[in-house]
Amino acid sequence: MSSDNTQSTQEGRMGEGVDARFNSKLREAFGSSPFILTKFDQFMNWVRGSSMFMLQFGIACCSIEMMHTYAVKHDLDRFGAGVPRASPRQADVIIVPGTIVSKFAPRMKRIYDQMPEPKFVVGMGSCTISGGPFQEGYNVIKGAEEVIPVDIHVPGCPPRPEALVYGIAKLQERVANGETSPVTVKPYELEQFSDLDDDELVQHLADRIDEEELVMRYDWAESPVEP
Amino acid sequence: MSLEDPSRPELDIGETAEGVDYDALEALLGDHVVGRERHRNAEAFVVRPDEVQDALFLLRDEAGFDHCSCVTAQEYEDRYESIYHLRKYDDPTQEVGVVVPTATDDPVSESAEPVYRTADWHEREAYDLVGVDYDDHPQMERILLPETWQGHPLSLDYDQEQPQVVTFSEHANPLNEDQRAEADSDTMFVNIGPHHPATHGVLHLKTTLDGEQVADVESDIGYLHRCEEQICQNGTYRHQIMPYPDRWDYISAGILNEWAYARAAEDMADIDVPEYAQVIRTMSAELCRIASHMLALGTFALDVYGDFTAIFMYATRDREVVQNILEDLTGQRLMFNYLRLGGVAWDLPEPREEFFESIHDFLEDLPEKLEEYHDLVTSNEIFQMRCVDTGVLEPEIAKSYGATGPVARGSGIDYDLRRDDPYGYYDELDWDVITEEGCDNYARVLVRLQEVEESAKIIEQCVDLLAEWPEEDRTIQSNVPRTLKPDPDTEIYRSVEGAKGELGIYMRSDGTEKPARFKIRSPCFSNLQTLPEMSQGEYIPDLIASLGSLDIVLGEVDR
């Protein structure tokens, strides 16, 4: 390669070899055989992990720290994962930053469903692990995994931006290795109303709700962690 | 001193130079009063459930109680009770309670909505969580919990284990037959949120549009209802409640929120706070206010300009500085848990000089940064076109909705509890309450930016005081018993000036170490109610700007 810095642009284009401006250290390292032989899947995973589009998704306290992670000083974009997208259809990764309550869980599920495959989930903060400090609340879902599968959990209340950056870096590592969590969801049920156990409550609601209606059912007594 | 209340020419009925004359008020209410209670903050009159409106009209129009700050509902063994906490915008130390008991088997009482518009949401919340029904209410349905919810979670017989079913029906396709418009109408229904970049969290706005204009907007809240009141009722006064206030208004306003609880509990249990601790509280609270207003500015710019532009990044940069100072002081970036009943958790970090130096550096840079914000934001022509004369909120309307904080002060209402109902060290310091007469989005932004300057003044004076404070006199906590058990049936409503406005706590003790009822009066809850008034008939971008200028935080709206 040419290391002549005084070469003009025109010379670079017209002359032999590759324009110095397009060279990098990596390119230099390859020397005279600038080719990589790899599996396509592996290459795709590497690309995926190195350029992730996050969903601009704020729920609660953790979203403040998430904003700080995106913004100056911590600047998540340095790691190729910092462009928040307002629409779930443009996003690869959803960071769940906060407490999920009964009214919000179906909405979050829908947003997750709207994201194109492959998609990844980072649970931020204790609330997305177990309900966190609000676990005993009558309205609080005991963790994001009740609703959607989570790849990486970042503990803390709230986690520091550094912790979130670490979580994202770990996710990128997993993505590059081709690992994701399985897309089976339990004990969450999203199904037609008629498939639920036919108890008194269901009967009561059946009069009011269309049979085609999508519902979300919370069995508080069967939640994984007893308060 | 600049903090003296300007004396008003004429006194309302029941008002004396010393405060409220409750006997005169009782005479005014006449037969409506069936009993009298003494709460820690004020006396309260017991009123029959079918005479609520008459009594409240008298108190509002004749006695000048124009601010319904809070409605608390609770269930006793033998009755339900709704308490209307009234005070005056001119002098919030003048308070009165109106207690409305209703029977357990038929808890219906008259709605206060025709008297105070703000009672609309407060009563819906009371119905939702406690189960009191209000007659004559425009829209008596659940507000925080899903429509399909079974039971009222703060009532005594609620079974938390029972399964609940939540439907998607609120997200019916807006292009299907419209929920609100007539068949031949050309209006369009649009859901904004609960996941939307402009809603500052998980707010859902049901908007009906007529072309580009907003015909109707209805806020649907409750997507972050984290049962804060229940959790505080399950915690002990002394230690277990204090971490939670940080999480109501989580925009770094933690210490302001903690102070609301600390003030209510300290007044309830007669706990003194050492002067030194009060100065530290005042200083850290104002640091929180700066951080909070910075984020308000940054996200407002995000709403108005529509992207993560320089202003948002600058605001976060400045917040980082404040957060670093607060982290040095409290050990946490966001959830400080720094106040204790009777003082603060620990003294300033050593070496003190270094800590003061970091605050001085911040204060020194602040005027230049604010100048930059004014260049970037308030003197920007595009910004002015978006904000001047949009989202107009007239002061009388703001009062009827119980608006407080920068929203009220942007409408020219001179109401700031730091001055009007002094606590902490504020009345010893030299600072001013900022008001703007514009009543529009622009005025609210100006108020916040100027309040940052005032907070900086307060912090500077506090730092000077702390630096000079004699070493042997640095008591950070008074002597508080390990287990606090206030006398049974002590009731108190106390509020502080949070970052968004009047943040109040109502507590009732039953003689145990946990409160029997813990009610949070959130400023954002009341402020958000004004949104339809500000945006009906306006263009939809102005709706977004108005919402941004209200500076709500959903953790506090939903609690």
# chains A, B, ... in the order shown; residues from 1 in each chain; ligands from 1
$ select_by_dssp --residues "region 61-270 of chain B" --states "strand (DSSP E or B)" --output "MDAnalysis selection string"
chainID B and resid 67:75 79:87 95:103 108:110 133:135 164:167 188:192 196 201 204:210 213:220
$ interface_residues --of "chain B" --to "chain A" --cutoff "6 Å" --atoms "only C-alpha atoms" --output "ChimeraX atom specification"
/B:146,160-161,163-167,201-202,223,227,250,313
$ atom_distance --atom1 "CA of Arg60 (chain B)" --atom2 "CA of Tyr84 (chain B)"
12.1 Å
$ closest_residue --among "B:Leu366, B:Ala310, B:Ala264, B:Met385" --to "Gly504 (chain B)" --atoms "only C-alpha atoms"
B:Ala264
$ select_by_dssp --residues "region 314-377 of chain B" --states "helix (DSSP H, G or I)" --output "number ranges by chain"
B: 314-330, 352-377
$ closest_residue --among "B:Cys524, B:Val322, B:Val108, B:Leu287" --to "Ala408 (chain B)" --atoms "only C-alpha atoms"
B:Cys524
$ residues_around --residues "region 115-117 of chain B" --least-positions-apart "2" --cutoff "6 Å" --atoms "only C-alpha atoms" --output "VMD selection string"
chain B and resid 112 to 113 119 to 120 400 to 401
$ residues_around --residues "Val121 (chain A)" --least-positions-apart "4" --cutoff "6 Å" --atoms "only C-alpha atoms" --output "list in words"
Val93, Ile94, Ile95, Val150 and Asp151 of chain A
$ atom_distance --atom1 "CA of Ala253 (chain B)" --atom2 "CA of Arg521 (chain B)"
15.5 Å
$ closest_residue --among "A:Pro97, A:Tyr166, A:Phe53, A:Gly156" --to "Gln332 (chain B)" --atoms "only C-alpha atoms"
A:Gly156
$ atom_distance --atom1 "CA of Glu437 (chain B)" --atom2 "CA of Gly410 (chain B)"
6.3 Å
$ closest_residue --among "A:Phe79, A:Phe40, A:Trp46, A:Phe30" --to "Val175 (chain A)" --atoms "only C-alpha atoms"
A:Trp46
